[in-house]
>>> print(open('query12.cif').read())   # mmCIF, C-alpha atoms and all ligand atoms
data_structure
loop_
_atom_site.group_PDB
_atom_site.id
_atom_site.type_symbol
_atom_site.label_atom_id
_atom_site.label_comp_id
_atom_site.auth_asym_id
_atom_site.auth_seq_id
_atom_site.Cartn_x
_atom_site.Cartn_y
_atom_site.Cartn_z
ATOM 1 C CA MET A 21 54.104 171.866 335.592
ATOM 2 C CA LYS A 22 53.910 171.115 339.310
ATOM 3 C CA ILE A 23 57.107 170.459 341.219
ATOM 4 C CA THR A 24 57.719 168.954 344.637
ATOM 5 C CA VAL A 25 60.198 170.417 347.106
ATOM 6 C CA LYS A 26 60.530 168.317 350.253
ATOM 7 C CA ASP A 27 56.937 167.720 351.377
ATOM 8 C CA LEU A 28 55.298 170.614 349.511
ATOM 9 C CA SER A 29 53.975 171.091 345.970
ATOM 10 C CA PHE A 30 54.500 174.220 343.928
ATOM 11 C CA ALA A 31 53.070 175.457 340.625
ATOM 12 C CA PRO A 32 54.603 178.012 338.223
ATOM 13 C CA PHE A 33 53.675 181.536 339.267
ATOM 14 C CA ILE A 34 55.948 184.177 337.688
ATOM 15 C CA PRO A 35 57.873 183.022 334.603
ATOM 16 C CA GLU A 36 61.549 183.822 334.221
ATOM 17 C CA SER A 37 60.886 186.116 331.229
ATOM 18 C CA ALA A 38 58.472 188.267 333.253
ATOM 19 C CA ILE A 39 60.922 188.489 336.153
ATOM 20 C CA LEU A 40 63.798 189.555 333.917
ATOM 21 C CA GLU A 41 61.657 192.134 332.130
ATOM 22 C CA ARG A 42 60.553 193.685 335.443
ATOM 23 C CA VAL A 43 64.072 193.581 336.898
ATOM 24 C CA ALA A 44 65.373 195.408 333.810
ATOM 25 C CA GLN A 45 62.729 198.109 334.279
ATOM 26 C CA ILE A 46 63.726 198.573 337.908
ATOM 27 C CA GLY A 47 67.396 198.781 336.944
ATOM 28 C CA GLN A 48 66.596 201.497 334.412
ATOM 29 C CA GLN A 49 64.473 203.381 336.923
ATOM 30 C CA ILE A 50 67.260 203.300 339.509
ATOM 31 C CA SER A 51 69.763 204.467 336.900
ATOM 32 C CA ALA A 52 67.550 207.469 336.139
ATOM 33 C CA ASP A 53 66.736 208.259 339.769
ATOM 34 C CA TYR A 54 70.361 208.119 340.941
ATOM 35 C CA ALA A 55 71.981 209.891 337.981
ATOM 36 C CA GLY A 56 75.098 211.728 339.159
ATOM 37 C CA ARG A 57 75.316 209.690 342.378
ATOM 38 C CA VAL A 58 77.165 206.501 343.249
ATOM 39 C CA PRO A 59 74.716 204.361 345.229
ATOM 40 C CA LEU A 60 75.752 201.512 347.494
ATOM 41 C CA PHE A 61 73.560 198.443 347.040
ATOM 42 C CA LEU A 62 73.098 196.282 350.123
ATOM 43 C CA PRO A 63 71.528 192.954 349.113
ATOM 44 C CA ILE A 64 70.367 190.934 352.101
ATOM 45 C CA LEU A 65 71.574 187.342 351.996
ATOM 46 C CA ASN A 66 70.698 184.644 351.332
ATOM 47 C CA GLY A 67 67.509 185.161 349.354
ATOM 48 C CA SER A 68 68.387 188.260 347.345
ATOM 49 C CA PHE A 69 71.527 186.971 345.639
ATOM 50 C CA VAL A 70 69.793 186.103 342.350
ATOM 51 C CA PHE A 71 67.730 189.307 342.184
ATOM 52 C CA ALA A 72 70.786 191.376 343.082
ATOM 53 C CA ALA A 73 72.935 189.754 340.387
ATOM 54 C CA ASP A 74 70.360 190.455 337.676
ATOM 55 C CA LEU A 75 69.430 193.918 338.959
ATOM 56 C CA LEU A 76 72.998 195.176 339.260
ATOM 57 C CA ARG A 77 73.677 194.275 335.638
ATOM 58 C CA GLU A 78 70.731 196.439 334.572
ATOM 59 C CA VAL A 79 72.057 199.477 336.433
ATOM 60 C CA SER A 80 74.096 201.715 334.162
ATOM 61 C CA LEU A 81 75.594 203.874 336.922
ATOM 62 C CA GLU A 82 78.831 203.682 338.826
ATOM 63 C CA CYS A 83 77.795 201.850 341.964
ATOM 64 C CA ARG A 84 79.051 199.666 344.788
ATOM 65 C CA VAL A 85 77.644 196.489 346.272
ATOM 66 C CA SER A 86 78.134 194.915 349.664
ATOM 67 C CA PHE A 87 76.221 191.803 350.723
ATOM 68 C CA VAL A 88 74.875 191.751 354.262
ATOM 69 C CA LYS A 89 73.133 189.173 356.378
ATOM 70 C CA HIS A 90 70.887 189.084 359.409
ATOM 71 C CA ALA A 91 72.773 188.119 362.542
ATOM 72 C CA SER A 92 70.103 185.565 363.454
ATOM 73 C CA TYR A 93 68.771 184.186 360.228
ATOM 74 C CA GLN A 94 65.413 182.556 360.813
ATOM 75 C CA GLY A 95 64.930 180.451 357.693
ATOM 76 C CA THR A 96 61.701 180.594 355.761
ATOM 77 C CA THR A 97 59.088 181.968 358.096
ATOM 78 C CA SER A 98 58.619 185.447 359.435
ATOM 79 C CA THR A 99 59.044 185.332 363.178
ATOM 80 C CA GLY A 100 58.559 188.999 363.849
ATOM 81 C CA GLN A 101 61.862 188.926 365.705
ATOM 82 C CA LEU A 102 64.037 191.963 365.214
ATOM 83 C CA LYS A 103 67.400 191.216 363.650
ATOM 84 C CA THR A 104 70.598 193.170 363.153
ATOM 85 C CA LEU A 105 72.857 193.231 360.118
ATOM 86 C CA ILE A 106 76.310 191.711 359.844
ATOM 87 C CA GLY A 107 78.889 191.962 357.104
ATOM 88 C CA LEU A 108 78.694 195.713 356.719
ATOM 89 C CA ASN A 109 82.379 196.329 356.201
ATOM 90 C CA GLU A 110 82.123 199.540 354.179
ATOM 91 C CA SER A 111 81.583 202.940 355.657
ATOM 92 C CA ILE A 112 78.009 203.857 354.879
ATOM 93 C CA PHE A 113 78.229 207.353 356.330
ATOM 94 C CA ASN A 114 76.808 209.870 353.844
ATOM 95 C CA GLN A 115 76.097 207.119 351.288
ATOM 96 C CA ASP A 116 72.999 206.648 349.151
ATOM 97 C CA ILE A 117 71.916 203.153 350.140
ATOM 98 C CA ILE A 118 69.613 200.848 348.198
ATOM 99 C CA VAL A 119 68.677 197.804 350.260
ATOM 100 C CA VAL A 120 67.961 194.841 347.974
ATOM 101 C CA GLU A 121 65.500 192.319 349.409
ATOM 102 C CA ASP A 122 63.879 189.230 347.950
ATOM 103 C CA ILE A 123 60.496 189.457 349.615
ATOM 104 C CA MET A 124 58.667 191.657 352.100
ATOM 105 C CA ASP A 125 56.016 189.836 354.075
ATOM 106 C CA THR A 126 55.074 191.778 357.221
ATOM 107 C CA GLY A 127 57.791 194.393 356.627
ATOM 108 C CA LEU A 128 59.171 193.979 360.143
ATOM 109 C CA THR A 129 62.596 192.765 359.049
ATOM 110 C CA LEU A 130 63.156 195.693 356.725
ATOM 111 C CA SER A 131 61.881 198.310 359.141
ATOM 112 C CA LYS A 132 64.584 197.259 361.613
ATOM 113 C CA VAL A 133 67.234 197.293 358.884
ATOM 114 C CA ILE A 134 66.207 200.766 357.716
ATOM 115 C CA GLU A 135 66.295 202.091 361.272
ATOM 116 C CA GLU A 136 69.759 200.611 361.825
ATOM 117 C CA LEU A 137 71.119 202.074 358.572
ATOM 118 C CA ARG A 138 69.684 205.536 359.246
ATOM 119 C CA SER A 139 71.318 205.559 362.686
ATOM 120 C CA LEU A 140 74.692 205.160 360.927
ATOM 121 C CA GLY A 141 74.411 208.520 359.182
ATOM 122 C CA THR A 142 73.456 207.440 355.677
ATOM 123 C CA ARG A 143 72.557 210.151 353.183
ATOM 124 C CA SER A 144 69.511 208.262 351.934
ATOM 125 C CA VAL A 145 68.062 204.764 352.294
ATOM 126 C CA GLU A 146 65.623 203.209 349.823
ATOM 127 C CA ILE A 147 64.416 199.648 349.312
ATOM 128 C CA ALA A 148 64.237 197.528 346.176
ATOM 129 C CA THR A 149 62.204 194.395 346.851
ATOM 130 C CA LEU A 150 61.472 191.811 344.209
ATOM 131 C CA ILE A 151 58.189 190.786 345.845
ATOM 132 C CA ARG A 152 55.876 192.506 348.285
ATOM 133 C CA LYS A 153 53.217 190.384 349.964
ATOM 134 C CA ALA A 154 49.829 191.753 351.008
ATOM 135 C CA PRO A 155 50.621 192.353 354.715
ATOM 136 C CA ALA A 156 53.571 194.613 353.802
ATOM 137 C CA ARG A 157 51.281 196.941 351.876
ATOM 138 C CA GLU A 158 49.906 198.108 355.221
ATOM 139 C CA HIS A 159 53.366 198.691 356.682
ATOM 140 C CA ALA A 160 54.821 202.154 357.206
ATOM 141 C CA VAL A 161 58.017 201.151 355.375
ATOM 142 C CA LYS A 162 57.338 201.705 351.672
ATOM 143 C CA PRO A 163 59.830 200.287 349.185
ATOM 144 C CA LYS A 164 60.663 202.687 346.375
ATOM 145 C CA TYR A 165 61.115 199.806 343.928
ATOM 146 C CA ILE A 166 58.783 196.792 343.879
ATOM 147 C CA GLY A 167 59.019 193.962 341.375
ATOM 148 C CA PHE A 168 55.688 192.274 342.014
ATOM 149 C CA ASP A 169 52.842 192.773 344.474
ATOM 150 C CA ILE A 170 51.306 189.413 345.388
ATOM 151 C CA ASP A 171 48.706 188.140 347.846
ATOM 152 C CA ASN A 172 49.633 185.919 350.733
ATOM 153 C CA GLU A 173 50.907 182.829 348.931
ATOM 154 C CA PHE A 174 54.171 181.158 349.907
ATOM 155 C CA VAL A 175 56.582 181.379 346.990
ATOM 156 C CA LEU A 176 59.959 179.942 346.086
ATOM 157 C CA GLY A 177 62.568 180.057 343.347
ATOM 158 C CA TYR A 178 64.775 182.839 341.951
ATOM 159 C CA GLY A 179 66.670 182.976 345.246
ATOM 160 C CA LEU A 180 63.723 182.229 347.528
ATOM 161 C CA ASP A 181 63.819 178.953 349.424
ATOM 162 C CA TYR A 182 61.744 176.419 351.256
ATOM 163 C CA GLU A 183 63.887 174.920 354.021
ATOM 164 C CA GLY A 184 67.010 175.876 352.106
ATOM 165 C CA LEU A 185 65.864 174.309 348.830
ATOM 166 C CA GLY A 186 64.631 175.799 345.570
ATOM 167 C CA ARG A 187 66.812 178.898 345.411
ATOM 168 C CA ASN A 188 68.284 177.765 342.086
ATOM 169 C CA LEU A 189 64.943 177.650 340.224
ATOM 170 C CA SER A 190 64.905 180.277 337.454
ATOM 171 C CA ALA A 191 61.207 181.091 337.822
ATOM 172 C CA ILE A 192 59.020 181.803 340.856
ATOM 173 C CA TYR A 193 56.610 179.111 342.037
ATOM 174 C CA GLN A 194 53.708 179.267 344.480
ATOM 175 C CA GLN A 195 52.699 176.641 346.962
ATOM 176 C CA VAL A 196 49.659 174.587 345.973
ATOM 177 C CA PRO A 197 47.849 171.753 347.776
ATOM 178 C CA VAL A 198 49.767 168.442 347.530
HETATM 179 P P1 LIG B 1 59.033 190.061 357.025
HETATM 180 O O1 LIG B 1 59.875 190.562 358.143
HETATM 181 O O2 LIG B 1 58.815 191.075 355.939
HETATM 182 O O3 LIG B 1 57.721 189.508 357.542
HETATM 183 O O4 LIG B 1 59.736 188.765 356.457
HETATM 184 C C1 LIG B 1 60.534 188.738 355.319
HETATM 185 C C2 LIG B 1 61.291 187.417 355.250
HETATM 186 O O5 LIG B 1 60.403 186.299 355.425
HETATM 187 C C3 LIG B 1 61.904 187.216 353.877
HETATM 188 O O6 LIG B 1 63.189 187.788 353.789
HETATM 189 C C4 LIG B 1 61.917 185.692 353.763
HETATM 190 O O7 LIG B 1 63.063 185.164 354.385
HETATM 191 C C5 LIG B 1 60.710 185.237 354.549
HETATM 192 N N1 LIG B 1 59.526 185.006 353.692
HETATM 193 C C6 LIG B 1 58.342 185.626 353.817
HETATM 194 N N2 LIG B 1 57.457 185.178 352.894
HETATM 195 C C7 LIG B 1 58.113 184.254 352.150
HETATM 196 C C8 LIG B 1 57.722 183.439 351.013
HETATM 197 O O8 LIG B 1 56.594 183.470 350.480
HETATM 198 N N3 LIG B 1 58.681 182.602 350.508
HETATM 199 C C9 LIG B 1 59.923 182.518 351.049
HETATM 200 N N4 LIG B 1 60.771 181.648 350.476
HETATM 201 N N5 LIG B 1 60.333 183.275 352.119
HETATM 202 C C10 LIG B 1 59.425 184.136 352.657
#
>>> encode(input="query12.cif", output="structure tokens", more="lines below")
Ligand code: 5GP
Amino acid sequence: MKITVKDLSFAPFIPESAILERVAQIGQQISADYAGRVPLFLPILNGSFVFAADLLREVSLECRVSFVKHASYQGTTSTGQLKTLIGLNESIFNQDIIVVEDIMDTGLTLSKVIEELRSLGTRSVEIATLIRKAPAREHAVKPKYIGFDIDNEFVLGYGLDYEGLGRNLSAIYQQVPV
């Protein structure tokens, strides 16, 4: 069923059941990959709060979580502007970091984040992104964990917004002509 958010129309794209199934698989994969370690998850606000909450509950390891945010949050479109992280109040020196992101579009945002984290002496840095859009597939930064590879559609729901709205939708929707 089509929904309207502000001036745009959206149609169901990835149902909640498929999201939860994939998130559970990623949680199990992380638990296997990081056995014997205590990773620090860094979900990037605002968009990744729903993914992070579900993912963390599928991880069966001892782990920590610290939410971070871009200093200049740009809303819904990729501007290509480089941003720095705020809210990092734990020492990340020698830590195994898993950055949790909602969506990778060009990959520019995450490449800056990865560079910043590495400069702080982390032991390892990997990315878990719920969605990777087509342009990011060409980017040098390769997430270790990817929920769904999609084309270039604009999506919302499950934490992702359009002008601040739609984050509370349980499924993921794609923009369709009005
Ligand atoms: P990148 O730096 O990878 O180009 O941009 C990633 C950011 O762009 C995401 O964190 C998100 O804020 C925004 N973004 C890119 N594509 C979409 C989309 O389809 N839907 C929503 N809601 N945000 C998007």
>>> atom_distance(input="query12.cif", atom1="atom CA of Pro35 of chain A", atom2="atom CA of Ala191 of chain A")
5.0 Å
>>> residues_near_ligand(input="query12.cif", ligand="ligand LIG 1 (chain B)", cutoff="6 Å", atoms="only C-alpha atoms and all ligand atoms", output="number ranges by chain")
A: 96-98, 123-129, 173-176, 180-182
>>> resolve_selection(input="query12.cif", expression="the PyMOL selection byres (((chain A and resi 163-170) around 8) and not hetatm)", output="compact mmCIF listing (two decimals) with C-alpha atoms, in the frame of the given file")
# COMPACT_ATOMS: atom_id res chain seq x y z
CA ILE A 39 60.92 188.49 336.15
CA ARG A 42 60.55 193.68 335.44
CA VAL A 43 64.07 193.58 336.90
CA ILE A 46 63.73 198.57 337.91
CA GLU A 146 65.62 203.21 349.82
CA ILE A 147 64.42 199.65 349.31
CA ALA A 148 64.24 197.53 346.18
CA THR A 149 62.20 194.40 346.85
CA LEU A 150 61.47 191.81 344.21
CA ILE A 151 58.19 190.79 345.84
CA ARG A 152 55.88 192.51 348.28
CA LYS A 153 53.22 190.38 349.96
CA ALA A 154 49.83 191.75 351.01
CA VAL A 161 58.02 201.15 355.38
CA LYS A 162 57.34 201.70 351.67
CA ASP A 171 48.71 188.14 347.85
CA ASN A 172 49.63 185.92 350.73
CA GLU A 173 50.91 182.83 348.93
>>> resolve_selection(input="query12.cif", expression="the PyMOL selection byres (((chain A and resi 34) around 10) and not hetatm)", output="VMD selection string")
chain A and resid 31 to 33 35 to 39 168 175 177 to 178 190 to 194
>>> closest_residue(input="query12.cif", among="A:Ile112, A:Val198, A:Leu76, A:Ala52", to="Leu28 of chain A", atoms="only C-alpha atoms")
A:Val198
>>> axis_aligned_box(input="query12.cif", around="segment 102-115 of chain A", padding_each_side="8 Å", output="JSON")
{"center_x": 73.2, "center_y": 200.5, "center_z": 358.3, "size_x": 34.3, "size_y": 34.7, "size_z": 29.9}
>>> closest_residue(input="query12.cif", among="A:Lys22, A:Asn114, A:Gly184, A:Glu158", to="Ser139 of chain A", atoms="all atoms listed in the file")
A:Asn114
>>> atom_distance(input="query12.cif", atom1="atom CA of Asp27 of chain A", atom2="atom CA of Pro155 of chain A")
25.6 Å
>>> closest_residue(input="query12.cif", among="A:Ile23, A:Ile117, A:Val85, A:Ile64", to="Leu140 of chain A", atoms="only C-alpha atoms")
A:Ile117
>>> closest_residue(input="query12.cif", among="A:Ser29, A:Gly179, A:Ser131, A:Glu110", to="Asp74 of chain A", atoms="all atoms listed in the file")
A:Gly179
>>> closest_residue(input="query12.cif", among="A:Asn188, A:Ala156, A:Ser80, A:Gln45", to="Pro59 of chain A", atoms="only C-alpha atoms")
A:Ser80
